[in-house]
Structure formats: C-alpha cells, structure tokens
Amino acid sequence: MNKTKVIATVSKVTATYEVLENLINNGVSVIRINMRYSDLEFCCEVVQKIGEINTKLNKHTAIMVDLKGPVIQIERVANEKAWLKAKDKIRIFTDNVLGDSTKFSVDYKNIVKDASIGMIIKIGTGEVILKILEKGINYLICEVIKPGYISSGKIVNVVGLKQNRPFISIKDLETIKMANKLDIDYLVVSFVNSSEDVLEVNDLLINLGNDHLQIISKIENQSAYDDIDNIIKISDGIIIARDNLGTNVPIEKIPGIQKKIIDKCHKAGVVSVVTTDLLLNKEEEQTPTRAEVSDIANAILDGCDAVLLSGGVNALNGQLETIKTMNKVIMAAEGDANYNALMETAIKSQKKDITGAIAYNVSGCANLLNCKAIFAPTITGYTAKKISRFRPVCPIIALSPNADTVKSLALNFGIHSFLVDELNSLDAIIEKCKIMSREVMGLQPNDIIIITGGSPFREVKHTNFMKIEEL
C-alpha cells in the first residue's frame with residue numbers, strides 16, 4: 001500500500017464511467033473537478049458516477065472541487081489556438097471578440113482600468129509573455145516579448161495587478177452551494193491572496209451549516225506565500241501549485257518554497273499537496289522524463305501527503321498509464337524516505353495532549369517492532385490524523401461507522417479507511433481488527449499489529465489505549 005495519496009483531475013473528455021472506475025481501481029484516492037473548465041451540470045454527473053462506482057467496488061473515493069477563483073482567462077480563440085509572433089503588437093479587449101494572432105478578449109472587464117503601462121502579462125504558466133504598451137477605452141495594446149500559442153481558457157496573469165472585484169464570484173458562490181448540497185469532501189480555494197480570502201469562504205460554509213467540507217487553500221502567488229502561516233491556521237490542507245506560483249515568483253525559489261510549506265504543514269498537522277504535470281499532453285510517448293520522476297520523488301521525500309495530477313493526458317491511452325507510472329515513482333520514493341526524521345520533526349511541535357502522546361508512541365512502536373499495520377477505530381478521524389502526522393512506516397487502517405469520516409481521510413498520508421459497523425466494546429474492536437488483518441490485508445501468523453483508540457467507544461473524549469497484538 002502506497003502511503004502518499006494520488007489526486008486525479010478529470011474533464012468532460014476523461015470522466016467516462018470506464019476511466020473513472022479504472023482510476024479508482026488503480027489507487028486514486030481523490031477525484032478532482034476543476035471548475036475553471038467545468039460547469040455545475042458536469043460536476044453533478046461526476047458525483048453521480050463516483051457514487052455508483054464506490055457502491056459497486058465498495059470504495060470510498062473522495063471528490064475535490066476546485067473553485068475558479070479570481071483568475072483572468074482568455075475567452076474564445078478561433079480554431080481553439082493562435083500563434084503570437086515575437087515583437088508583434090496584440091490587442092486585449094474587454095468586449096467579447098473571437099481571438100486570433102492579433103487580438104483576444106478576457107473575462108475580467110476591469111483589466112484596462114486596473115492595469116498600468118509597462119506591466120508584464122504571462123499567459124498560461126509563462127509560455128507566452130506580453131508587455132503593456134498602451135491603454136485604450138476597452139483594450140490594451142501589448143508587445144509580444146516571448147512568442148507562443150494562446151488558446152481558449154488560458155490563464156492571463158498580469159504581474160502586480162490588484163483586481164477590483166469581490167473574491168467570491170457568482171460562479172464560485174453557485175459552486176460552493178452545489179458542493180454543500182452534493183456533500184463534496186474537499187473544496188479548493190483558488191488564487192488565494194491572504195487568509196482573509198479563506199475566511200470569507202469558511203464563513204460562507206458556516207452559514208450553510210456545513211461541517212464536513214474541508215477547505216484546501218491553493219498557494220499560487222507571492223502574497224499568499226507571505227501570509228502562509230495564517231492561511232495554514234484556518235485551512236484543512238494546502239496545495240502548492242508550482243505551475244502558477246512559478247509565474248509570480250522567481251522560478252529558482254520554487255523548490256525552497258515547496259520545502260518550507262510542506263514543513264510548516266507537517267508541524268501544524270495540516271495536509272500538504274504538491275501539483276505535478278507528469279506526462280501532461282503526451283499523446284503517444286508514455287515514458288516520463290528524469291526531471292518529472294525526480295520532481296515527484298523530491299516532493300515525497302520532502303514529506304507531502306499527496307500529489308495532484310493537475311493536468312491530464314490523452315483520455316483513452318494515457319490517463320491510466322500515468323497513474324500506474326505515478327504509483328511506481330511513489331513506491332520507490334517512499335522506500336528511500338527518512339520517516340524517523342519526519343517523526344522527530346512532528347514531535348517537536350506536538351502540543352501536550354493525550355491523543356498526540358499516544359499517537360507518537362504508537363508510531364514509534366510500529367517502526368521499532370516492524371508492525372504490519374496500525375488499526376485506529378475512530379468516529380471523527382482525529383486519532384488517525386494524529387498518527388499520520390508522525391509518519392509511521394506501516395499503513396494506518398482507520399475504521400469508522402461514519403461514511404463522511406471515511407472519505408474525510410482520503411488525503412491524509414498513510415491512512416486507508418474503511419466503513420464498518422459500530423464497535424461497542426474493546427473486545428469487538430480487537431476481534432474486528434484481527435479479522436481485517438487476515439481477510440483484507442492478507443497478514444500472516446506471527447505478524448504484529450497495533451490497535452489504538454478510545455474506549456468505551458463514543459464515551460471518551462480522547463484516545464486512551466494502545467494494544468500490541470501478534471497474530
């Protein structure tokens with residue numbers, strides 16, 4: 001069992017029943033829908049399909065919805081893409097025009113008012129770079145500094161621009177209400193500028209009465225990184241979006257920023273996710289480059305909880321192969337990771353509480369005794385998350401009678417959660433763990449497991465026991 005989780009992004013092309021089932025069967029823990037390129041109808045269709053597949057396979061795959069956020073995008077381009085030639089002049093309109101090699105329009109209507117002459121515009125992740133030369137009534141005139149293709153929906157990043165609009169757009173508000181109604185598991189807050197943006201979304205969820213939907217803040221610019229400590233405090237997880245981050249901060253600083261954010265998340269007990277574009281858009285060649293493999297491996301060695309396939313590959317030929325490749329890279333990197341060092345890092349920032357103390361000792365004993373599994377019966381998932389923070393080498397098996405709890409653990413490192421009937425006594429807990437050791441995990445006589453939790457179940461407020469069992 002791999003401990004680092006995999007998140008796969010699906011689109012209208014890739015989200016067939018067959019592809020989704022194959023992804024889930026091959027270890028994808030979370031299916032992500034990017035609302036920047038999707039609509040509410042598509043999101044509802046994916047949720048329905050995942051529900052059917054989960055029932056069929058007896059799985060509990062979680063769903064992540066990524067808000068569009070206050071991002072500027074290119075509107076429609078003729079033939080879906082156009083080449084911008086170096087030193088050419090191009091106009092960016094606020095009125096809707098069909099884009100080509102001389103002009104295009106964007107969906108942010110205040111761009112002319114808010115932008116300044118001399119500002120740099122990066123399209124996509126910097127594939128095309130423009131410089132603003134003049135401002136008209138409803139357009140900007142720019143010079144092409146770095147040539148390349150533009151296409152419909154591409155992100156337009158005006159470096160240093162402060163947008164004059166609400167953080168939560170009408171579309172994002174509709175998406176949040178839909179996520180609440182459909183019982184989505186993770187909500188990604190995109191293009192965060194400060195903790196105030198995250199609080200705005202959190203307040204909305206409180207008003208909706210939602211205490212299940214976990215907030216994952218995406219770090220994509222310098223201002224968000226500058227406020228990272230406060231953002232971590234009010235988030236359930238952090239996504240380090242290195243592609244967009246690289247257009248806002250010097251690219252040579254990205255590896256250091258990644259390490260620092262993962263370390264801060266680990267110390268705070270907050271999930272950390274690193275984006276990757278493994279095999280992105282490769283139609284035929286399915287062999288990753290050395291750089292791509294090293295990129296994923298380094299994120300795992302840094303201690304991230306999950307990796308996110310932020311783009312996609314050819315739907316029919318590449319999606320499944322990409323996941324299989326990812327799993328191989330994860331397995332190899334986890335074999336080289338120094339989890340004892342990560343455990344010691346976690347204990348230094350651990351608050352003095354009973355559950356944390358037991359979680360630390362459970363993890364230490366599991367490593368010392370070469371245990372095959374740690375079983376953590378839980379109502380809320382709190383105990384399992386505490387153990388995950390200490391990065392034990394063996395899998396953490398969370399057992400819960402609560403379906404929402406089972407799905408809420410989908411991103412946490414090393415946790416594999418199962419829905420079970422309520423276990424009302426310590427004897428019942430121990431017996432269930434032994435049965436699952438043999439029937440689900442295939443453990444053998446003399447293998448050692450650790451069982452930890454709170455007893456009596458539902459009556460105690462914290463974890464209060466740890467039991468070592470030899471099968």
# chains A, B, ... in the order shown; residues from 1 in each chain; ligands from 1
call {"tool": "residues_around", "arguments": {"residues": "region 342-357 of chain A", "least_positions_apart": "3", "cutoff": "8 Å", "atoms": "only C-alpha atoms", "output": "MDAnalysis selection string"}}
result
chainID A and resid 266:268 303 338:339 360:361 383 386:387 389:392 462:464
call {"tool": "residues_around", "arguments": {"residues": "Pro147 (chain A)", "least_positions_apart": "3", "cutoff": "10 Å", "atoms": "only C-alpha atoms", "output": "PyMOL selection string"}}
result
chain A and resi 83-88+127-130+143-144+150
call {"tool": "write_last_selection", "arguments": {"atoms": "N, CA and C atoms", "output": "CSV table (one decimal), in the first residue's frame"}}
result
chain,number,residue,atom,x,y,z
A,83,TRP,N,-1.1,31.5,-32.8
A,83,TRP,CA,0.3,31.8,-32.6
A,83,TRP,C,0.6,33.3,-32.5
A,84,LEU,N,1.2,33.7,-31.4
A,84,LEU,CA,1.6,35.1,-31.3
A,84,LEU,C,3.1,35.2,-31.6
A,85,LYS,N,3.4,36.0,-32.6
A,85,LYS,CA,4.8,36.2,-33.1
A,85,LYS,C,5.6,37.2,-32.3
A,86,ALA,N,6.8,37.0,-32.0
A,86,ALA,CA,7.7,37.9,-31.3
A,86,ALA,C,7.7,39.3,-31.9
A,87,LYS,N,7.6,40.3,-31.0
A,87,LYS,CA,7.6,41.7,-31.3
A,87,LYS,C,6.4,42.2,-32.0
A,88,ASP,N,5.4,41.3,-32.3
A,88,ASP,CA,4.1,41.8,-32.8
A,88,ASP,C,3.3,42.5,-31.8
A,127,GLU,N,4.3,30.5,-20.9
A,127,GLU,CA,4.6,30.1,-22.2
A,127,GLU,C,4.7,31.3,-23.2
A,128,VAL,N,3.8,32.3,-22.9
A,128,VAL,CA,3.7,33.5,-23.7
A,128,VAL,C,3.8,34.7,-22.8
A,129,ILE,N,4.7,35.7,-23.1
A,129,ILE,CA,4.8,36.8,-22.3
A,129,ILE,C,4.6,38.1,-23.1
A,130,LEU,N,3.8,39.0,-22.6
A,130,LEU,CA,3.5,40.3,-23.2
A,130,LEU,C,3.9,41.4,-22.3
A,143,GLU,N,3.0,44.3,-26.6
A,143,GLU,CA,4.1,43.8,-27.4
A,143,GLU,C,4.4,42.3,-27.0
A,144,VAL,N,4.5,41.4,-28.0
A,144,VAL,CA,4.9,40.0,-27.7
A,144,VAL,C,6.3,39.9,-27.3
A,150,ILE,N,-1.5,30.9,-27.8
A,150,ILE,CA,-2.6,31.2,-26.9
A,150,ILE,C,-3.8,30.2,-27.2
call {"tool": "atom_distance", "arguments": {"atom1": "CA of Thr9 (chain A)", "atom2": "CA of Ala62 (chain A)"}}
result
12.2 Å
call {"tool": "residues_around", "arguments": {"residues": "Gly237 (chain A)", "least_positions_apart": "2", "cutoff": "12 Å", "atoms": "only C-alpha atoms", "output": "tab-separated table (two decimals) with C-alpha atoms, in the first residue's frame"}}
result
chain	number	residue	atom	x	y	z
A	64	MET	CA	-12.50	17.54	-4.67
A	186	TYR	CA	-12.83	18.90	-0.38
A	187	LEU	CA	-13.24	22.49	-1.57
A	188	VAL	CA	-10.15	24.11	-3.10
A	189	VAL	CA	-9.94	27.88	-2.68
A	198	VAL	CA	-10.04	31.79	3.08
A	213	LEU	CA	-16.47	20.05	3.56
A	214	GLN	CA	-12.75	20.55	4.14
A	215	ILE	CA	-11.08	23.74	2.90
A	216	ILE	CA	-7.90	23.30	0.88
A	217	SER	CA	-6.12	26.60	0.15
A	218	LYS	CA	-4.12	26.79	-3.06
A	219	ILE	CA	-0.89	28.79	-2.94
A	228	ILE	CA	1.20	31.28	4.66
A	231	ILE	CA	-3.55	30.56	5.88
A	232	ILE	CA	-2.37	27.24	7.34
A	233	LYS	CA	-4.08	28.04	10.66
A	234	ILE	CA	-7.52	28.26	9.04
A	235	SER	CA	-7.16	25.57	6.34
A	239	ILE	CA	-1.97	22.84	-2.33
A	240	ILE	CA	1.39	24.08	-3.59
A	261	ILE	CA	5.35	24.97	3.09
A	262	ILE	CA	5.43	21.17	3.46
A	264	LYS	CA	5.01	24.13	8.08
A	265	CYS	CA	2.01	21.94	7.19
A	266	HIS	CA	3.63	18.88	8.76
A	268	ALA	CA	0.75	22.09	12.07
A	269	GLY	CA	-0.90	18.76	11.25
A	270	VAL	CA	-2.34	20.15	8.02
A	271	VAL	CA	-2.40	18.17	4.77
A	272	SER	CA	0.11	19.24	2.11
A	273	VAL	CA	-0.44	18.57	-1.59
A	274	VAL	CA	2.06	19.15	-4.41
A	304	CYS	CA	3.98	15.78	1.35
A	305	ASP	CA	0.70	13.95	2.00
A	306	ALA	CA	-0.49	13.80	-1.60
A	408	SER	CA	-12.54	12.82	5.02
A	409	LEU	CA	-9.31	10.84	5.49
A	410	ALA	CA	-8.70	10.35	1.76
A	411	LEU	CA	-5.87	12.92	1.58
A	412	ASN	CA	-4.01	12.07	4.77
A	413	PHE	CA	-0.68	10.31	4.44
call {"tool": "atom_distance", "arguments": {"atom1": "CA of Asn202 (chain A)", "atom2": "CA of Gly381 (chain A)"}}
result
20.5 Å
call {"tool": "atom_distance", "arguments": {"atom1": "CA of Asp447 (chain A)", "atom2": "CA of Met466 (chain A)"}}
result
16.8 Å
call {"tool": "closest_residue", "arguments": {"among": "A:Phe418, A:Phe42, A:Tyr37, A:Phe93", "to": "Lys109 (chain A)", "atoms": "only C-alpha atoms"}}
result
A:Phe93
call {"tool": "closest_residue", "arguments": {"among": "A:Ile468, A:Gly414, A:Leu320, A:Val249", "to": "Ala366 (chain A)", "atoms": "only C-alpha atoms"}}
result
A:Ile468
call {"tool": "residues_around", "arguments": {"residues": "region 450-461 of chain A", "least_positions_apart": "4", "cutoff": "8 Å", "atoms": "only C-alpha atoms", "output": "ChimeraX atom specification"}}
result
/A:362,366,371,373-379,383,423-426,430,433,465-469
call {"tool": "write_last_selection", "arguments": {"atoms": "N, CA and C atoms", "output": "CSV table (one decimal), in the first residue's frame"}}
result
chain,number,residue,atom,x,y,z
A,362,VAL,N,2.6,5.1,19.5
A,362,VAL,CA,2.1,4.1,18.5
A,362,VAL,C,3.0,4.0,17.3
A,366,ALA,N,5.4,1.0,16.3
A,366,ALA,CA,5.2,0.3,15.0
A,366,ALA,C,6.5,0.2,14.2
A,371,CYS,N,5.9,-3.5,12.7
A,371,CYS,CA,4.5,-3.8,12.6
A,371,CYS,C,4.0,-3.7,11.2
A,373,ALA,N,0.7,-3.2,10.4
A,373,ALA,CA,-0.4,-2.2,10.3
A,373,ALA,C,-0.7,-1.6,11.7
A,374,ILE,N,-1.3,-0.4,11.6
A,374,ILE,CA,-1.8,0.3,12.8
A,374,ILE,C,-3.3,0.4,12.6
A,375,PHE,N,-4.1,-0.1,13.5
A,375,PHE,CA,-5.6,0.0,13.4
A,375,PHE,C,-6.1,1.1,14.3
A,376,ALA,N,-6.9,2.0,13.8
A,376,ALA,CA,-7.4,3.1,14.6
A,376,ALA,C,-8.9,3.3,14.4
A,377,PRO,N,-9.7,2.6,15.2
A,377,PRO,CA,-11.1,2.8,15.2
A,377,PRO,C,-11.4,4.2,15.6
A,378,THR,N,-12.3,4.9,14.8
A,378,THR,CA,-12.5,6.3,15.1
A,378,THR,C,-13.9,6.8,14.6
A,379,ILE,N,-14.4,7.7,15.4
A,379,ILE,CA,-15.7,8.4,15.0
A,379,ILE,C,-15.4,9.6,14.1
A,383,THR,N,-8.0,10.6,15.7
A,383,THR,CA,-6.8,9.7,16.1
A,383,THR,C,-6.0,9.3,14.9
A,423,LEU,N,-18.5,-0.4,16.6
A,423,LEU,CA,-17.9,-1.4,17.5
A,423,LEU,C,-18.0,-0.9,19.0
A,424,ASN,N,-18.8,-1.6,19.8
A,424,ASN,CA,-19.3,-1.1,21.1
A,424,ASN,C,-18.4,-1.5,22.2
A,425,SER,N,-17.4,-2.4,22.0
A,425,SER,CA,-16.6,-2.8,23.1
A,425,SER,C,-15.2,-3.0,22.7
A,426,LEU,N,-14.2,-3.0,23.6
A,426,LEU,CA,-12.8,-3.2,23.3
A,426,LEU,C,-12.6,-4.6,22.6
A,430,ILE,N,-10.9,-5.3,18.9
A,430,ILE,CA,-9.8,-6.2,18.7
A,430,ILE,C,-10.1,-7.3,17.7
A,433,CYS,N,-10.3,-6.0,14.1
A,433,CYS,CA,-9.0,-5.7,13.6
A,433,CYS,C,-8.3,-6.9,13.2
A,465,PHE,N,-6.0,4.2,24.7
A,465,PHE,CA,-5.4,2.8,24.8
A,465,PHE,C,-4.6,2.5,23.5
A,466,MET,N,-3.6,1.7,23.7
A,466,MET,CA,-2.7,1.2,22.6
A,466,MET,C,-2.5,-0.3,23.0
A,467,LYS,N,-2.8,-1.2,22.0
A,467,LYS,CA,-2.6,-2.6,22.3
A,467,LYS,C,-1.8,-3.2,21.1
A,468,ILE,N,-0.8,-4.0,21.5
A,468,ILE,CA,0.1,-4.7,20.5
A,468,ILE,C,-0.4,-6.1,20.4
A,469,GLU,N,-0.7,-6.6,19.2
A,469,GLU,CA,-1.2,-7.9,19.0
A,469,GLU,C,-0.3,-8.7,18.0
call {"tool": "closest_residue", "arguments": {"among": "A:Ile170, A:Lys259, A:Asp66, A:Val71", "to": "Asn193 (chain A)", "atoms": "only C-alpha atoms"}}
result
A:Val71
call {"tool": "select_by_dssp", "arguments": {"residues": "region 137-250 of chain A", "states": "alpha helix (DSSP H)", "output": "ChimeraX atom specification"}}
result
/A:170-181,195-207,222-226,228-233,242-245
call {"tool": "decode", "arguments": {"residues": "region 22-108 of chain A", "atoms": "C-alpha atoms", "output": "PDB file, in the first residue's frame"}}
result
ATOM      1  CA  ASN A  22     -10.008   2.269 -13.726  1.00  0.00           C
ATOM      2  CA  LEU A  23      -8.536   5.261 -11.894  1.00  0.00           C
ATOM      3  CA  ILE A  24     -10.163   4.227  -8.626  1.00  0.00           C
ATOM      4  CA  ASN A  25      -9.122   0.592  -9.068  1.00  0.00           C
ATOM      5  CA  ASN A  26      -5.538   1.744  -9.554  1.00  0.00           C
ATOM      6  CA  GLY A  27      -5.237   3.645  -6.314  1.00  0.00           C
ATOM      7  CA  VAL A  28      -6.568   7.149  -6.941  1.00  0.00           C
ATOM      8  CA  SER A  29      -7.871   8.414  -3.597  1.00  0.00           C
ATOM      9  CA  VAL A  30      -9.498  11.656  -4.721  1.00  0.00           C
ATOM     10  CA  ILE A  31     -11.137  12.724  -7.989  1.00  0.00           C
ATOM     11  CA  ARG A  32     -10.728  16.448  -8.706  1.00  0.00           C
ATOM     12  CA  ILE A  33     -13.046  18.631 -10.768  1.00  0.00           C
ATOM     13  CA  ASN A  34     -11.579  21.967 -11.851  1.00  0.00           C
ATOM     14  CA  MET A  35     -14.462  24.439 -12.122  1.00  0.00           C
ATOM     15  CA  ARG A  36     -12.291  26.766 -14.175  1.00  0.00           C
ATOM     16  CA  TYR A  37     -13.054  24.480 -17.116  1.00  0.00           C
ATOM     17  CA  SER A  38     -16.265  22.811 -15.915  1.00  0.00           C
ATOM     18  CA  ASP A  39     -19.883  23.624 -15.190  1.00  0.00           C
ATOM     19  CA  LEU A  40     -22.314  22.593 -12.461  1.00  0.00           C
ATOM     20  CA  GLU A  41     -24.037  20.011 -14.659  1.00  0.00           C
ATOM     21  CA  PHE A  42     -20.757  18.200 -15.344  1.00  0.00           C
ATOM     22  CA  CYS A  43     -19.883  18.263 -11.651  1.00  0.00           C
ATOM     23  CA  CYS A  44     -23.208  16.647 -10.744  1.00  0.00           C
ATOM     24  CA  GLU A  45     -22.641  13.942 -13.373  1.00  0.00           C
ATOM     25  CA  VAL A  46     -19.203  13.085 -11.962  1.00  0.00           C
ATOM     26  CA  VAL A  47     -20.534  12.952  -8.400  1.00  0.00           C
ATOM     27  CA  GLN A  48     -23.256  10.526  -9.505  1.00  0.00           C
ATOM     28  CA  LYS A  49     -20.764   8.297 -11.350  1.00  0.00           C
ATOM     29  CA  ILE A  50     -18.328   8.235  -8.424  1.00  0.00           C
ATOM     30  CA  GLY A  51     -21.164   7.317  -6.074  1.00  0.00           C
ATOM     31  CA  GLU A  52     -22.178   4.409  -8.304  1.00  0.00           C
ATOM     32  CA  ILE A  53     -18.578   3.213  -8.677  1.00  0.00           C
ATOM     33  CA  ASN A  54     -17.932   3.461  -4.938  1.00  0.00           C
ATOM     34  CA  THR A  55     -21.005   1.322  -4.278  1.00  0.00           C
ATOM     35  CA  LYS A  56     -20.001  -1.208  -6.930  1.00  0.00           C
ATOM     36  CA  LEU A  57     -16.381  -1.522  -5.732  1.00  0.00           C
ATOM     37  CA  ASN A  58     -17.082  -0.982  -2.020  1.00  0.00           C
ATOM     38  CA  LYS A  59     -14.743   2.024  -2.108  1.00  0.00           C
ATOM     39  CA  HIS A  60     -14.940   5.473  -0.573  1.00  0.00           C
ATOM     40  CA  THR A  61     -13.224   7.651  -3.149  1.00  0.00           C
ATOM     41  CA  ALA A  62     -13.487  11.314  -2.199  1.00  0.00           C
ATOM     42  CA  ILE A  63     -14.341  14.222  -4.502  1.00  0.00           C
ATOM     43  CA  MET A  64     -12.500  17.538  -4.668  1.00  0.00           C
ATOM     44  CA  VAL A  65     -13.973  20.626  -6.318  1.00  0.00           C
ATOM     45  CA  ASP A  66     -11.584  23.397  -7.308  1.00  0.00           C
ATOM     46  CA  LEU A  67     -13.147  26.875  -7.363  1.00  0.00           C
ATOM     47  CA  LYS A  68     -12.409  29.058 -10.392  1.00  0.00           C
ATOM     48  CA  GLY A  69     -11.242  31.860  -8.137  1.00  0.00           C
ATOM     49  CA  PRO A  70     -10.452  35.445  -9.197  1.00  0.00           C
ATOM     50  CA  VAL A  71      -8.471  34.288 -12.217  1.00  0.00           C
ATOM     51  CA  ILE A  72      -8.400  36.050 -15.581  1.00  0.00           C
ATOM     52  CA  GLN A  73      -8.900  33.803 -18.607  1.00  0.00           C
ATOM     53  CA  ILE A  74      -8.761  34.179 -22.369  1.00  0.00           C
ATOM     54  CA  GLU A  75     -12.187  33.891 -23.952  1.00  0.00           C
ATOM     55  CA  ARG A  76     -12.798  32.001 -27.189  1.00  0.00           C
ATOM     56  CA  VAL A  77      -9.964  31.749 -29.732  1.00  0.00           C
ATOM     57  CA  ALA A  78     -10.605  30.797 -33.379  1.00  0.00           C
ATOM     58  CA  ASN A  79      -9.680  27.153 -34.000  1.00  0.00           C
ATOM     59  CA  GLU A  80      -9.032  26.989 -30.220  1.00  0.00           C
ATOM     60  CA  LYS A  81      -5.453  28.321 -30.517  1.00  0.00           C
ATOM     61  CA  ALA A  82      -3.409  31.024 -32.241  1.00  0.00           C
ATOM     62  CA  TRP A  83       0.310  31.781 -32.558  1.00  0.00           C
ATOM     63  CA  LEU A  84       1.631  35.104 -31.254  1.00  0.00           C
ATOM     64  CA  LYS A  85       4.787  36.186 -33.064  1.00  0.00           C
ATOM     65  CA  ALA A  86       7.693  37.887 -31.272  1.00  0.00           C
ATOM     66  CA  LYS A  87       7.632  41.718 -31.346  1.00  0.00           C
ATOM     67  CA  ASP A  88       4.121  41.784 -32.843  1.00  0.00           C
ATOM     68  CA  LYS A  89       1.532  44.115 -31.349  1.00  0.00           C
ATOM     69  CA  ILE A  90      -1.608  42.482 -29.990  1.00  0.00           C
ATOM     70  CA  ARG A  91      -4.792  43.919 -28.505  1.00  0.00           C
ATOM     71  CA  ILE A  92      -6.517  42.551 -25.411  1.00  0.00           C
ATOM     72  CA  PHE A  93     -10.208  43.515 -25.348  1.00  0.00           C
ATOM     73  CA  THR A  94     -12.716  43.653 -22.526  1.00  0.00           C
ATOM     74  CA  ASP A  95     -15.542  43.237 -25.065  1.00  0.00           C
ATOM     75  CA  ASN A  96     -16.022  39.714 -26.357  1.00  0.00           C
ATOM     76  CA  VAL A  97     -14.108  39.135 -29.616  1.00  0.00           C
ATOM     77  CA  LEU A  98     -13.020  35.958 -31.372  1.00  0.00           C
ATOM     78  CA  GLY A  99      -9.317  35.638 -30.656  1.00  0.00           C
ATOM     79  CA  ASP A 100      -6.596  35.213 -33.267  1.00  0.00           C
ATOM     80  CA  SER A 101      -2.925  36.126 -33.762  1.00  0.00           C
ATOM     81  CA  THR A 102      -3.666  39.873 -33.449  1.00  0.00           C
ATOM     82  CA  LYS A 103      -6.252  40.074 -30.670  1.00  0.00           C
ATOM     83  CA  PHE A 104      -8.191  38.270 -27.944  1.00  0.00           C
ATOM     84  CA  SER A 105     -10.612  39.127 -25.154  1.00  0.00           C
ATOM     85  CA  VAL A 106     -10.533  38.264 -21.450  1.00  0.00           C
ATOM     86  CA  ASP A 107     -13.271  37.639 -18.894  1.00  0.00           C
ATOM     87  CA  TYR A 108     -12.123  40.361 -16.470  1.00  0.00           C
TER      88      TYR A 108
END
